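Visitor: So here's query.cif (mmCIF, C-alpha atoms and all ligand atoms).
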data_entry
loop_
_atom_site.label_atom_id
_atom_site.label_comp_id
_atom_site.auth_asym_id
_atom_site.auth_seq_id
_atom_site.Cartn_x
_atom_site.Cartn_y
_atom_site.Cartn_z
CA MET A 15 40.74 78.03 110.15
CA THR A 16 39.55 74.41 109.95
CA ASP A 17 42.29 71.97 109.07
CA LEU A 18 41.61 69.07 106.78
CA LEU A 19 42.91 65.58 107.48
CA ILE A 20 42.87 62.97 104.72
CA ARG A 21 43.22 59.82 106.75
CA GLY A 22 44.13 56.21 106.13
CA GLY A 23 45.14 56.25 102.47
CA THR A 24 48.18 55.40 100.41
CA VAL A 25 49.87 58.46 98.96
CA VAL A 26 51.05 57.97 95.38
CA ASP A 27 52.92 60.68 93.50
CA ALA A 28 55.99 61.09 91.27
CA THR A 29 58.26 60.33 94.24
CA GLY A 30 56.73 56.95 95.02
CA SER A 31 54.11 55.35 97.23
CA ARG A 32 53.66 55.24 101.03
CA ARG A 33 50.92 54.77 103.61
CA ALA A 34 50.34 58.24 105.02
CA ASP A 35 47.81 60.72 106.29
CA VAL A 36 47.79 64.17 104.69
CA LEU A 37 47.12 67.31 106.72
CA VAL A 38 46.00 70.43 104.88
CA ARG A 39 45.85 73.94 106.31
CA GLY A 40 44.46 76.73 104.20
CA ARG A 41 45.51 76.00 100.63
CA VAL A 42 48.65 74.07 101.52
CA VAL A 43 49.71 70.58 102.58
CA VAL A 44 51.36 71.04 105.96
CA ALA A 45 52.19 67.45 106.88
CA VAL A 46 52.37 63.99 105.31
CA GLY A 47 53.00 61.09 107.62
CA ALA A 48 51.68 58.18 109.65
CA ASP A 49 48.90 58.75 112.21
CA LEU A 50 48.60 62.51 111.99
CA ASP A 51 45.26 62.64 113.80
CA GLY A 52 45.02 64.15 117.22
CA THR A 53 47.88 66.56 116.68
CA GLY A 54 46.57 69.34 118.84
CA HIS A 55 43.13 69.70 117.29
CA ASP A 56 39.80 69.87 119.02
CA ALA A 57 36.89 68.23 117.23
CA ALA A 58 35.65 71.52 115.77
CA GLY A 59 39.03 72.45 114.37
CA LEU A 60 39.53 69.42 112.17
CA ARG A 61 37.63 68.07 109.21
CA MET A 62 38.30 64.45 108.28
CA LEU A 63 38.15 62.83 104.88
CA ASP A 64 38.23 59.05 105.00
CA ALA A 65 40.77 57.62 102.55
CA GLY A 66 40.65 54.03 103.83
CA GLY A 67 41.41 51.62 100.98
CA CYS A 68 42.10 54.60 98.74
CA VAL A 69 44.94 56.24 96.88
CA VAL A 70 45.70 59.85 97.73
CA ALA A 71 47.22 61.45 94.65
CA PRO A 72 47.90 64.84 93.14
CA GLY A 73 44.74 66.03 91.38
CA LEU A 74 44.41 65.00 87.75
CA VAL A 75 45.13 67.51 84.98
CA ASP A 76 43.25 67.45 81.67
CA LEU A 77 45.00 69.07 78.73
CA HIS A 78 41.95 68.88 76.52
CA ALA A 79 38.41 69.78 77.58
CA HIS A 80 35.73 71.47 75.49
CA LEU A 81 33.66 73.51 77.93
CA ARG A 82 31.52 75.15 75.20
CA GLN A 83 31.27 78.53 76.91
CA PRO A 84 30.99 81.10 75.44
CA GLY A 85 28.48 80.24 72.73
CA ARG A 86 27.21 76.70 73.30
CA GLU A 87 25.91 76.84 76.84
CA GLU A 88 23.12 74.38 76.01
CA ALA A 89 25.83 71.69 75.70
CA GLU A 90 28.05 72.63 78.66
CA THR A 91 29.05 75.58 80.77
CA ILE A 92 32.29 76.22 82.56
CA GLU A 93 30.46 75.52 85.81
CA THR A 94 29.01 72.15 84.74
CA GLY A 95 32.20 71.12 82.95
CA ALA A 96 34.27 71.98 86.01
CA ARG A 97 31.91 69.95 88.21
CA ALA A 98 32.24 66.95 85.88
CA ALA A 99 36.00 67.40 86.07
CA ALA A 100 36.10 67.54 89.87
CA LEU A 101 33.97 64.38 90.06
CA GLY A 102 36.45 62.76 87.69
CA GLY A 103 39.34 63.60 90.03
CA TYR A 104 40.63 66.61 88.09
CA THR A 105 41.86 69.71 89.85
CA ALA A 106 42.88 71.48 86.63
CA ILE A 107 41.55 71.44 83.09
CA VAL A 108 42.58 73.28 79.98
CA ALA A 109 39.58 74.72 78.13
CA MET A 110 39.87 74.44 74.37
CA PRO A 111 39.42 77.60 72.32
CA ASN A 112 36.88 76.39 69.74
CA THR A 113 34.10 78.33 71.41
CA GLU A 114 31.86 80.95 69.78
CA PRO A 115 33.58 83.37 69.62
CA ALA A 116 36.89 81.51 69.57
CA ILE A 117 39.35 82.17 72.38
CA ASP A 118 41.75 84.10 70.18
CA CYS A 119 42.36 87.35 72.06
CA ALA A 120 42.84 88.67 75.57
CA SER A 121 39.21 89.68 76.13
CA VAL A 122 37.82 86.16 75.58
CA VAL A 123 40.63 84.63 77.67
CA ARG A 124 39.69 87.02 80.47
CA GLU A 125 36.01 86.13 80.16
CA VAL A 126 36.66 82.37 80.44
CA LEU A 127 39.14 82.73 83.31
CA GLU A 128 36.65 84.93 85.14
CA LEU A 129 33.84 82.37 84.69
CA GLY A 130 36.18 79.63 85.89
CA ARG A 131 37.19 81.46 89.03
CA SER A 132 34.10 80.42 91.03
CA SER A 133 34.05 76.84 89.73
CA VAL A 134 35.15 73.65 91.48
CA CYS A 135 38.14 73.10 89.19
CA ASP A 136 41.12 75.26 88.23
CA VAL A 137 40.06 76.24 84.72
CA ARG A 138 42.96 77.19 82.46
CA VAL A 139 42.68 78.30 78.89
CA ALA A 140 44.24 77.30 75.58
CA GLY A 141 44.35 80.13 73.07
CA ALA A 142 43.85 79.83 69.34
CA ILE A 143 46.93 79.85 67.09
CA THR A 144 45.11 81.73 64.32
CA LYS A 145 42.43 84.41 64.34
CA GLY A 146 38.99 82.82 64.58
CA ARG A 147 40.75 79.42 64.14
CA ARG A 148 40.49 80.11 60.42
CA GLY A 149 44.09 79.12 59.74
CA GLU A 150 44.82 82.34 57.88
CA GLU A 151 46.67 84.74 60.17
CA LEU A 152 48.23 84.40 63.59
CA ALA A 153 46.11 85.29 66.61
CA ALA A 154 47.26 87.77 69.24
CA MET A 155 49.28 85.12 71.05
CA ALA A 156 51.45 87.57 73.00
CA GLU A 157 48.52 89.27 74.75
CA MET A 158 47.06 85.87 75.64
CA ALA A 159 50.44 84.61 76.89
CA GLU A 160 50.59 87.68 79.10
CA LEU A 161 47.40 86.45 80.82
CA GLY A 162 49.06 83.12 81.55
CA VAL A 163 48.02 81.10 78.48
CA ARG A 164 50.65 78.39 77.95
CA LEU A 165 49.05 76.22 75.27
CA PHE A 166 47.87 77.34 71.86
CA THR A 167 45.83 75.31 69.40
CA ASP A 168 43.21 75.61 66.68
CA ASP A 169 41.81 72.28 67.95
CA GLY A 170 38.86 71.07 65.96
CA ALA A 171 41.07 71.81 62.98
CA GLY A 172 44.79 71.58 62.29
CA VAL A 173 46.78 74.51 60.97
CA GLN A 174 46.88 73.47 57.31
CA ASP A 175 49.36 76.04 56.00
CA GLY A 176 52.90 74.80 56.70
CA ARG A 177 54.41 78.27 56.36
CA LEU A 178 51.97 79.71 58.89
CA MET A 179 52.65 76.80 61.26
CA ARG A 180 56.38 77.45 61.00
CA ARG A 181 55.82 81.12 61.85
CA ALA A 182 53.56 80.12 64.75
CA LEU A 183 56.30 77.83 66.12
CA GLU A 184 58.85 80.64 65.84
CA TYR A 185 56.52 83.10 67.52
CA ALA A 186 55.59 80.61 70.26
CA SER A 187 59.28 79.95 70.95
CA ALA A 188 59.87 83.63 71.55
CA LEU A 189 56.91 83.68 73.97
CA GLY A 190 57.98 80.45 75.72
CA VAL A 191 54.62 78.76 75.04
CA THR A 192 53.65 75.40 73.51
CA LEU A 193 51.74 74.77 70.29
CA ALA A 194 49.28 71.88 70.45
CA GLN A 195 48.21 70.52 67.10
CA HIS A 196 45.00 68.77 66.11
CA CYS A 197 46.66 66.69 63.40
CA GLU A 198 44.37 66.36 60.42
CA ASP A 199 45.02 67.08 56.78
CA ALA A 200 41.70 68.71 55.90
CA CYS A 201 41.82 67.80 52.21
CA LEU A 202 42.55 64.14 52.83
CA ALA A 203 39.93 63.94 55.62
CA ALA A 204 37.22 65.85 53.75
CA GLY A 205 33.81 64.16 53.67
CA GLY A 206 34.78 61.38 56.09
CA HIS A 207 32.68 60.48 59.12
CA MET A 208 34.52 57.45 60.54
CA HIS A 209 37.83 55.62 60.26
CA GLU A 210 38.51 54.43 56.71
CA GLY A 211 38.83 50.66 56.78
CA GLU A 212 36.94 47.41 56.76
CA TRP A 213 34.05 48.79 58.81
CA SER A 214 33.57 51.97 56.78
CA SER A 215 33.29 49.96 53.57
CA ARG A 216 30.98 47.43 55.17
CA LEU A 217 28.73 50.19 56.56
CA GLY A 218 28.93 52.41 53.49
CA VAL A 219 30.05 55.40 55.56
CA PRO A 220 32.71 57.64 53.98
CA GLY A 221 35.99 57.20 55.85
CA VAL A 222 38.88 59.32 57.11
CA PRO A 223 42.15 57.54 56.37
CA ALA A 224 44.73 57.20 59.15
CA GLU A 225 47.08 59.03 56.79
CA ALA A 226 45.09 62.26 57.21
CA GLU A 227 46.38 62.36 60.78
CA GLU A 228 49.81 60.90 60.08
CA LEU A 229 50.68 63.39 57.33
CA MET A 230 50.27 66.33 59.69
CA VAL A 231 52.09 64.58 62.53
CA MET A 232 55.00 63.99 60.16
CA ARG A 233 54.93 67.53 58.78
CA ASP A 234 54.90 69.01 62.27
CA ILE A 235 57.75 66.80 63.40
CA VAL A 236 59.73 68.26 60.50
CA LEU A 237 58.68 71.80 61.46
CA ALA A 238 59.46 71.14 65.12
CA ARG A 239 62.94 70.04 64.07
CA LEU A 240 63.34 73.13 61.90
CA THR A 241 62.44 75.42 64.80
CA ALA A 242 64.05 73.38 67.59
CA PRO A 243 67.14 75.65 67.72
CA LEU A 244 64.77 78.46 68.79
CA GLY A 245 63.43 76.29 71.61
CA SER A 246 60.07 75.53 70.01
CA ARG A 247 57.70 73.23 71.91
CA MET A 248 55.24 71.04 70.06
CA HIS A 249 52.47 68.92 71.59
CA PHE A 250 50.36 66.46 69.58
CA LEU A 251 46.72 66.25 70.59
CA HIS A 252 44.65 63.04 70.66
CA LEU A 253 46.87 60.75 68.58
CA SER A 254 44.89 57.79 67.33
CA THR A 255 46.86 55.81 64.76
CA ALA A 256 49.77 53.37 64.85
CA GLY A 257 51.60 55.44 62.23
CA SER A 258 51.31 58.68 64.25
CA ILE A 259 52.63 56.98 67.34
CA ALA A 260 55.52 55.38 65.45
CA ALA A 261 56.44 58.79 64.02
CA VAL A 262 56.45 60.43 67.46
CA ARG A 263 58.43 57.52 68.91
CA ALA A 264 61.10 57.95 66.23
CA ALA A 265 61.16 61.74 66.68
CA LYS A 266 61.69 61.38 70.43
CA ALA A 267 64.39 58.75 69.88
CA SER A 268 66.20 61.25 67.65
CA GLY A 269 66.23 63.72 70.54
CA LEU A 270 63.38 66.00 69.48
CA ALA A 271 61.52 67.42 72.49
CA VAL A 272 57.92 66.87 71.39
CA THR A 273 55.07 65.65 73.60
CA ALA A 274 51.85 63.80 72.80
CA GLU A 275 48.57 62.68 74.30
CA ALA A 276 45.87 60.09 73.65
CA ALA A 277 42.20 60.00 74.68
CA PRO A 278 40.56 57.12 76.57
CA HIS A 279 38.14 56.34 73.72
CA HIS A 280 41.13 55.64 71.47
CA PHE A 281 42.37 52.87 73.75
CA THR A 282 38.98 51.44 74.75
CA LEU A 283 36.80 51.47 71.61
CA THR A 284 37.26 50.51 67.96
CA ASP A 285 35.56 51.45 64.69
CA ALA A 286 33.42 48.31 65.05
CA SER A 287 31.35 50.34 67.57
CA VAL A 288 29.96 52.33 64.65
CA ALA A 289 28.15 49.22 63.34
CA GLY A 290 24.80 50.40 64.72
CA TYR A 291 25.21 53.89 63.19
CA ASP A 292 24.82 55.37 66.67
CA SER A 293 26.34 58.85 66.48
CA VAL A 294 27.44 58.65 70.13
CA PHE A 295 30.41 56.75 68.63
CA LYS A 296 31.25 59.56 66.21
CA VAL A 297 34.38 61.42 67.23
CA ASN A 298 37.30 63.20 65.60
CA PRO A 299 39.84 61.68 65.20
CA PRO A 300 37.56 58.69 64.65
CA LEU A 301 37.58 55.40 66.53
CA ARG A 302 40.22 53.31 64.80
CA SER A 303 41.13 49.67 64.18
CA PRO A 304 42.15 47.14 66.86
CA ALA A 305 45.77 47.50 65.68
CA ASP A 306 45.61 51.26 66.28
CA VAL A 307 44.13 50.69 69.75
CA ALA A 308 47.01 48.34 70.52
CA ALA A 309 49.48 50.97 69.29
CA VAL A 310 47.93 53.66 71.53
CA LYS A 311 48.24 51.32 74.52
CA ALA A 312 51.85 50.52 73.63
CA GLY A 313 52.59 54.25 73.23
CA LEU A 314 51.18 54.97 76.69
CA ALA A 315 53.17 52.08 78.17
CA ASP A 316 56.55 53.00 76.68
CA GLY A 317 56.38 56.77 77.17
CA THR A 318 55.86 57.76 73.53
CA LEU A 319 52.59 59.26 74.72
CA ASP A 320 53.08 61.60 77.69
CA ALA A 321 49.50 62.14 78.76
CA ILE A 322 45.95 60.83 78.73
CA ALA A 323 43.66 63.73 77.82
CA THR A 324 39.89 63.44 77.70
CA ASP A 325 38.92 65.47 74.62
CA HIS A 326 35.69 65.90 76.63
CA ALA A 327 33.29 67.14 73.93
CA PRO A 328 29.71 67.65 75.10
CA HIS A 329 26.91 68.07 72.59
CA ALA A 330 23.25 68.77 73.28
CA PRO A 331 21.01 65.75 72.52
CA GLU A 332 19.19 67.42 69.61
CA GLU A 333 22.59 67.89 67.93
CA LYS A 334 24.19 64.57 68.79
CA GLU A 335 21.12 62.45 68.04
CA ARG A 336 21.06 63.45 64.38
CA PRO A 337 21.84 60.77 61.75
CA PHE A 338 25.46 59.59 61.83
CA ASP A 339 26.70 61.63 58.90
CA HIS A 340 25.06 64.82 60.19
CA ALA A 341 25.89 64.56 63.89
CA PRO A 342 28.81 66.55 65.30
CA PRO A 343 31.85 64.52 66.43
CA GLY A 344 32.72 64.29 70.12
CA MET A 345 32.19 62.34 73.36
CA LEU A 346 32.07 63.11 77.06
CA GLY A 347 35.21 62.14 78.92
CA LEU A 348 35.85 63.87 82.23
CA GLU A 349 33.84 61.54 84.48
CA THR A 350 35.03 58.26 82.94
CA ALA A 351 38.70 58.84 82.00
CA LEU A 352 40.18 57.75 85.32
CA ALA A 353 38.27 54.47 85.57
CA LEU A 354 38.91 53.61 81.91
CA SER A 355 42.62 54.29 82.38
CA LEU A 356 42.82 52.23 85.55
CA GLY A 357 40.78 49.41 84.06
CA GLU A 358 41.94 49.10 80.47
CA LEU A 359 45.64 49.90 80.37
CA ASP A 360 47.19 47.12 82.39
CA LEU A 361 49.80 49.56 83.71
CA PRO A 362 50.98 50.09 87.29
CA LEU A 363 48.77 52.59 89.11
CA ALA A 364 51.62 55.10 89.51
CA GLN A 365 52.19 55.07 85.75
CA VAL A 366 48.50 55.69 85.07
CA LEU A 367 48.59 58.63 87.49
CA ALA A 368 51.72 59.99 85.82
CA LEU A 369 49.80 60.01 82.52
CA LEU A 370 46.76 61.65 84.11
CA SER A 371 48.38 64.05 86.54
CA TRP A 372 52.00 65.09 86.79
CA GLN A 373 53.05 64.65 83.15
CA PRO A 374 50.14 66.69 81.73
CA ALA A 375 50.70 69.25 84.52
CA ARG A 376 54.20 69.79 83.16
CA ILE A 377 52.97 70.11 79.54
CA ALA A 378 50.40 72.70 80.67
CA GLY A 379 53.07 74.64 82.57
CA LEU A 380 51.23 73.98 85.85
CA GLU A 381 53.84 71.87 87.64
CA GLY A 382 54.24 74.41 90.43
CA VAL A 383 50.55 74.20 91.32
CA HIS A 384 49.16 70.85 90.13
CA GLY A 385 50.53 67.36 89.73
CA GLY A 386 52.16 67.12 93.13
CA PRO A 387 54.23 65.88 94.79
CA VAL A 388 52.05 65.41 97.87
CA ALA A 389 54.46 67.02 100.30
CA GLU A 390 54.74 69.63 103.01
CA GLY A 391 54.50 73.14 101.60
CA ARG A 392 52.91 72.13 98.32
CA PRO A 393 49.51 73.43 97.10
CA ALA A 394 46.69 71.15 98.29
CA ASN A 395 45.25 70.10 94.92
CA LEU A 396 44.52 66.44 95.50
CA CYS A 397 42.26 63.58 94.61
CA VAL A 398 41.37 60.50 96.63
CA ILE A 399 40.69 57.51 94.43
CA ASP A 400 38.96 54.27 95.39
CA PRO A 401 40.63 51.92 92.89
CA SER A 402 38.38 48.94 93.57
CA VAL A 403 34.85 50.36 93.61
CA VAL A 404 32.71 49.07 90.74
CA TRP A 405 30.14 51.40 89.20
CA VAL A 406 27.95 51.56 86.12
CA VAL A 407 27.97 54.61 83.84
CA ASP A 408 24.52 56.19 83.92
CA PRO A 409 24.34 59.13 81.49
CA ASP A 410 21.55 60.72 83.52
CA ALA A 411 23.71 60.71 86.65
CA LEU A 412 26.59 62.62 85.04
CA ALA A 413 27.31 66.19 86.09
CA SER A 414 27.94 67.29 82.54
CA ARG A 415 25.06 69.14 80.92
CA SER A 416 25.22 66.73 77.98
CA ARG A 417 24.64 62.98 77.83
CA ASN A 418 26.84 61.84 74.94
CA THR A 419 28.92 59.20 76.66
CA PRO A 420 29.75 56.10 74.61
CA TYR A 421 30.08 54.14 77.87
CA ALA A 422 26.43 54.18 78.97
CA GLY A 423 25.65 51.02 80.92
CA ARG A 424 29.29 49.98 81.03
CA LYS A 425 30.66 48.61 84.29
CA LEU A 426 33.87 50.42 85.31
CA THR A 427 36.27 49.91 88.20
CA GLY A 428 37.80 52.79 90.14
CA ARG A 429 36.32 56.14 91.00
CA THR A 430 37.07 59.44 92.70
CA ARG A 431 35.96 59.50 96.34
CA HIS A 432 37.12 63.02 97.24
CA THR A 433 38.67 65.94 95.37
CA VAL A 434 40.42 68.78 97.16
CA LEU A 435 40.98 72.06 95.33
CA ARG A 436 43.14 74.76 96.95
CA GLY A 437 42.64 73.03 100.29
CA GLU A 438 38.86 72.89 99.97
CA PRO A 439 36.99 69.58 99.57
CA VAL A 440 34.99 70.13 96.37
CA VAL A 441 33.97 66.47 96.05
CA VAL A 442 33.23 64.45 99.19
CA ASP A 443 32.20 60.77 99.03
CA GLY A 444 31.58 61.12 95.30
CA GLU A 445 29.28 64.13 95.69
CA ALA A 446 30.11 67.59 94.36
CA GLN A 447 29.95 70.14 97.17
CA ARG A 448 28.94 73.03 94.91
ZN ZN A 501 40.92 67.89 68.21
#
I need this file expressed as C-alpha cells, please.
Ligand SMILES: [Zn+2]
Guide:
Amino acid sequence: MTDLLIRGGTVVDATGSRRADVLVRGRVVVAVGADLDGTGHDAAGLRMLDAGGCVVAPGLVDLHAHLRQPGREEAETIETGARAAALGGYTAIVAMPNTEPAIDCASVVREVLELGRSSVCDVRVAGAITKGRRGEELAAMAEMAELGVRLFTDDGAGVQDGRLMRRALEYASALGVTLAQHCEDACLAAGGHMHEGEWSSRLGVPGVPAEAEELMVMRDIVLARLTAPLGSRMHFLHLSTAGSIAAVRAAKASGLAVTAEAAPHHFTLTDASVAGYDSVFKVNPPLRSPADVAAVKAGLADGTLDAIATDHAPHAPEEKERPFDHAPPGMLGLETALALSLGELDLPLAQVLALLSWQPARIAGLEGVHGGPVAEGRPANLCVIDPSVVWVVDPDALASRSRNTPYAGRKLTGRTRHTVLRGEPVVVDGEAQR
C-alpha cells in the first residue's frame, strides 16, 4: 500500500492551527506532526502532495447541491457535479431531492447513492418531506432514513401546509432526522422573478418580497418550538433577508436548537446585478438588497448562520439563456464557494472553514466521517487550500456540465490545490484525477 504524505502545510481544523505534515495510510490519517518524511519509506512506497504555503483542512461539506440526476442529465450528472465539488475542496455533498423523479422513496435514494459510489466526492442524499414534493402527503421518510438519509426537504418549494409541516417535524423527531426548509410562502411569492424593491420597480420585473421568506421562517420557528419537546431538528436553507436572520438569531437566543445556512451569492451579489436582465443572476431566493447582504455577512460572523451552502443549481444553456422572466432560477456554486468565502467575508480563515466544513458536517450527521479533526485515526477526507493564489472564473473551464456562473470573468483569491477522499488524492495540483 502506498502511503500519502501531505507535506509542508499548516493544518487548520476545529482544534486550532499548527504547522504539520499529514501522513495517510489506506483511508486513515496515521500521523500529524513536524517533518514526517523519511519515516521508513522507500521512494516507491510514498506519494507526496506538496502543501507549501497551503492550509491543510478537513474536506468541505456542502449541505445543498442540485446534481440533477435522475432526470436532468443535460444540466449535470452525479459524476460531473461530484467532480466540480472535489475541485472546490468538497469531500461530501448532499444531493437535493428535486430531481425527476423526486428522491422521495428508498428506490430513488438507492439509485443516487449507487451512482455516487464511483464518483470523486462522497455523495449523500436529502430525501423529500412530501411525496413528489407536492406538499400534500408525507413521503416514506422512515425507509429513506433506514438507508442513511439524515436531511429531508422539499427544496425548490417550502412545505406550505402548517399542519403537514408539524406532522413532518413530529415524524422526523421520532426518526432522529433533520427537516430542512426552503422558506417561501408560495402565495406571497407567486409571479415574482427578482427581489421586490427599488430595482424591481425600476426594471419593471415583478418582485418577490422579503416577507415571503420571512413568514415561513417565522412560522417554522413557531413549529420548531411546538415540537421541540419531541427533539425536533429544524434547518433553514439559503436564508437571504435581514428579517429571516434576525428571526433565527432571536430563536437561538431563546434556546431553540435550530440551524441555518446562507449561499455565497447572497453575501457577494445584490439585486442591482439584475439591471442587465441577464438571467444568470436569477436565483431563488433572489439576490437581495445591500442591507440584506450585510445582514447575511453579520449572521455568518456572529454564528446565527451555521453553514455556507452552495445551492449549486446547474441549468443547461438553452434553459438558462431564456428571457429573464422565463428562465429557471439557479446558479453554479461548487467551484467558487471557497474563494468567495475566503475573499468576501472578512472572517478569520478558521471561522470560514468552520462554516464550510465541520459545522455543516454536523448538520448533515457526517461528523464521524467528514469535517475533521485532522488527527491520527480519523478518516482521510481532506482538502489542501492555497489561500493566496489569484484566478479568474472561466465558465468554460469549470467541471460542471453547465455554465451558469454569475462570476464569469471575476478575479477570485484562494483555491483548492489538492483534495483527498478516503485517502485517495482525487484532485492534485488543481486537476481532477478522474
Ligand atoms: Zn431552495
Visitor: Give the padded box for range 252-267 of chain A as AutoDock Vina command-line options: axis-aligned, covering all atoms listed in the file, 3 Å on each side, centre and edge lengths in Å to one decimal.
Guide:
--center_x 54.5 --center_y 58.2 --center_z 66.4 --size_x 25.7 --size_y 15.7 --size_z 14.4
Visitor: Just want the 12 Å neighbourhood of Thr192 in chain A, counted on only C-alpha atoms, with same-chain residues fewer than 3 positions away dropped. Output as a VMD selection string.
Guide: chain A and resid 77 140 to 143 155 159 163 to 167 182 to 189 195 238 245 to 251 271 to 274 376 to 379
Visitor: At a cut-off of 6 Å and counting all atoms listed in the file, what residues surround ligand ZN 501 (chain A)? Please answer as a PDB file with C-alpha atoms, in the coordinates of the input.
Guide:
ATOM      1  CA  ASP A 169      41.810  72.280  67.950  1.00  0.00           C
ATOM      2  CA  GLY A 170      38.860  71.070  65.960  1.00  0.00           C
ATOM      3  CA  HIS A 196      45.000  68.770  66.110  1.00  0.00           C
TER       4      HIS A 196
END
Visitor: Listing only residues of range 350-429 of chain A within 12 Å of range 93-113 of chain A, what is the closest atom pair and its distance in Å (to one decimal) for each, using only C-alpha atoms, sorted by chain and residue number ascending, as JSON lines?
Guide:
{"residue": "A:Thr350", "atom": "CA", "partner": "A:Gly102", "partner_atom": "CA", "distance": 6.7}
{"residue": "A:Ala351", "atom": "CA", "partner": "A:Gly102", "partner_atom": "CA", "distance": 7.3}
{"residue": "A:Leu352", "atom": "CA", "partner": "A:Gly102", "partner_atom": "CA", "distance": 6.7}
{"residue": "A:Ala353", "atom": "CA", "partner": "A:Gly102", "partner_atom": "CA", "distance": 8.7}
{"residue": "A:Leu354", "atom": "CA", "partner": "A:Gly102", "partner_atom": "CA", "distance": 11.1}
{"residue": "A:Ser355", "atom": "CA", "partner": "A:Gly102", "partner_atom": "CA", "distance": 11.7}
{"residue": "A:Leu367", "atom": "CA", "partner": "A:Gly103", "partner_atom": "CA", "distance": 10.8}
{"residue": "A:Leu370", "atom": "CA", "partner": "A:Tyr104", "partner_atom": "CA", "distance": 8.8}
{"residue": "A:Ser371", "atom": "CA", "partner": "A:Tyr104", "partner_atom": "CA", "distance": 8.3}
{"residue": "A:Trp372", "atom": "CA", "partner": "A:Ala106", "partner_atom": "CA", "distance": 11.1}
{"residue": "A:Pro374", "atom": "CA", "partner": "A:Ile107", "partner_atom": "CA", "distance": 9.9}
{"residue": "A:Ala375", "atom": "CA", "partner": "A:Ala106", "partner_atom": "CA", "distance": 8.4}
{"residue": "A:Arg376", "atom": "CA", "partner": "A:Ala106", "partner_atom": "CA", "distance": 12.0}
{"residue": "A:Ile377", "atom": "CA", "partner": "A:Val108", "partner_atom": "CA", "distance": 10.9}
{"residue": "A:Ala378", "atom": "CA", "partner": "A:Val108", "partner_atom": "CA", "distance": 7.9}
{"residue": "A:Gly379", "atom": "CA", "partner": "A:Val108", "partner_atom": "CA", "distance": 10.9}
{"residue": "A:Leu380", "atom": "CA", "partner": "A:Ala106", "partner_atom": "CA", "distance": 8.8}
{"residue": "A:Glu381", "atom": "CA", "partner": "A:Ala106", "partner_atom": "CA", "distance": 11.0}
{"residue": "A:Val383", "atom": "CA", "partner": "A:Ala106", "partner_atom": "CA", "distance": 9.4}
{"residue": "A:His384", "atom": "CA", "partner": "A:Ala106", "partner_atom": "CA", "distance": 7.2}
{"residue": "A:Gly385", "atom": "CA", "partner": "A:Thr105", "partner_atom": "CA", "distance": 9.0}
{"residue": "A:Gly386", "atom": "CA", "partner": "A:Thr105", "partner_atom": "CA", "distance": 11.1}
{"residue": "A:Pro393", "atom": "CA", "partner": "A:Thr105", "partner_atom": "CA", "distance": 11.2}
{"residue": "A:Ala394", "atom": "CA", "partner": "A:Thr105", "partner_atom": "CA", "distance": 9.8}
{"residue": "A:Asn395", "atom": "CA", "partner": "A:Thr105", "partner_atom": "CA", "distance": 6.1}
{"residue": "A:Leu396", "atom": "CA", "partner": "A:Thr105", "partner_atom": "CA", "distance": 7.0}
{"residue": "A:Cys397", "atom": "CA", "partner": "A:Gly103", "partner_atom": "CA", "distance": 5.4}
{"residue": "A:Val398", "atom": "CA", "partner": "A:Gly103", "partner_atom": "CA", "distance": 7.6}
{"residue": "A:Ile399", "atom": "CA", "partner": "A:Gly103", "partner_atom": "CA", "distance": 7.6}
{"residue": "A:Asp400", "atom": "CA", "partner": "A:Gly103", "partner_atom": "CA", "distance": 10.8}
{"residue": "A:Pro409", "atom": "CA", "partner": "A:Ala98", "partner_atom": "CA", "distance": 12.0}
{"residue": "A:Ala411", "atom": "CA", "partner": "A:Ala98", "partner_atom": "CA", "distance": 10.6}
{"residue": "A:Leu412", "atom": "CA", "partner": "A:Ala98", "partner_atom": "CA", "distance": 7.2}
{"residue": "A:Ala413", "atom": "CA", "partner": "A:Ala98", "partner_atom": "CA", "distance": 5.0}
{"residue": "A:Ser414", "atom": "CA", "partner": "A:Thr94", "partner_atom": "CA", "distance": 5.4}
{"residue": "A:Arg415", "atom": "CA", "partner": "A:Thr94", "partner_atom": "CA", "distance": 6.3}
{"residue": "A:Ser416", "atom": "CA", "partner": "A:Thr94", "partner_atom": "CA", "distance": 9.5}
{"residue": "A:Arg417", "atom": "CA", "partner": "A:Ala98", "partner_atom": "CA", "distance": 11.8}
{"residue": "A:Gly428", "atom": "CA", "partner": "A:Gly102", "partner_atom": "CA", "distance": 10.4}
{"residue": "A:Arg429", "atom": "CA", "partner": "A:Gly102", "partner_atom": "CA", "distance": 7.4}
Visitor: Output as a Markdown table one row per residue of range 181-200 of chain A within 12 Å of range 290-313 of chain A: the closest atom pair and its distance in Å to one decimal place, counting all atoms listed in the file, sorted by chain and residue number ascending.
Guide:
| residue | atom | partner | partner_atom | distance |
| --- | --- | --- | --- | --- |
| A:His196 | CA | A:Pro299 | CA | 8.8 |
| A:Cys197 | CA | A:Pro299 | CA | 8.7 |
| A:Glu198 | CA | A:Pro299 | CA | 8.1 |
| A:Asp199 | CA | A:Pro299 | CA | 11.3 |
| A:Ala200 | CA | A:Pro299 | CA | 11.8 |
Visitor: For range 41-47 of chain A, please output as a VMD selection string all residues within 9 Å (counting all atoms listed in the file; exclusion window: fewer than 2 positions along the same chain).
Guide: chain A and resid 25 32 to 39 49 to 50 388 to 395 435 to 438
Visitor: Using only C-alpha atoms, which of A:Asp51, A:Ser31, A:Lys266, A:Leu129 sits nearest Pro362 in chain A?
Guide: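 Result for the nearest residue to Pro362 in chain A: A:Ser31.
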Visitor: Given the point (37.8, 58.7, 99.1) in the coordinates of this file, which residues lie within 9 Å, counting all atoms listed in the file, and how would they look as a ChimeraX atom specification?
Guide: /A:20,23,63-70,397-400,429-433,442-444
Visitor: Nearest to Gly162 in chain A: which of A:Gly146, A:Arg177, A:Leu81, A:Gly190 is it, counting all atoms listed in the file?
Guide: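 The answer is A:Gly190, which sits nearest to Gly162 in chain A.
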Visitor: The residues within 8 Å of (42.1, 50.4, 79.1), using only C-alpha atoms and the coordinates of the file, should be reported as a list in words; which are they?
Guide: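 Looking at atoms near the point gives Pro278, Phe281, Thr282, Lys311, Leu354, Ser355, Leu356, Gly357, Glu358, Leu359 and Asp360 of chain A.
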Visitor: What's around Tyr421 in chain A at 9 Å? Count only C-alpha atoms, leave out sequence neighbours fewer than 3 positions away in its own chain, and write the answer as a compact mmCIF listing (two decimals) with C-alpha atoms, in the frame of the given file.
Guide:
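File selection.txt, as written:
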# COMPACT_ATOMS: atom_id res chain seq x y z
CA THR A 350 35.03 58.26 82.94
CA VAL A 406 27.95 51.56 86.12
CA VAL A 407 27.97 54.61 83.84
CA ASP A 408 24.52 56.19 83.92
CA PRO A 409 24.34 59.13 81.49
CA ASN A 418 26.84 61.84 74.94
CA ARG A 424 29.29 49.98 81.03
CA LYS A 425 30.66 48.61 84.29
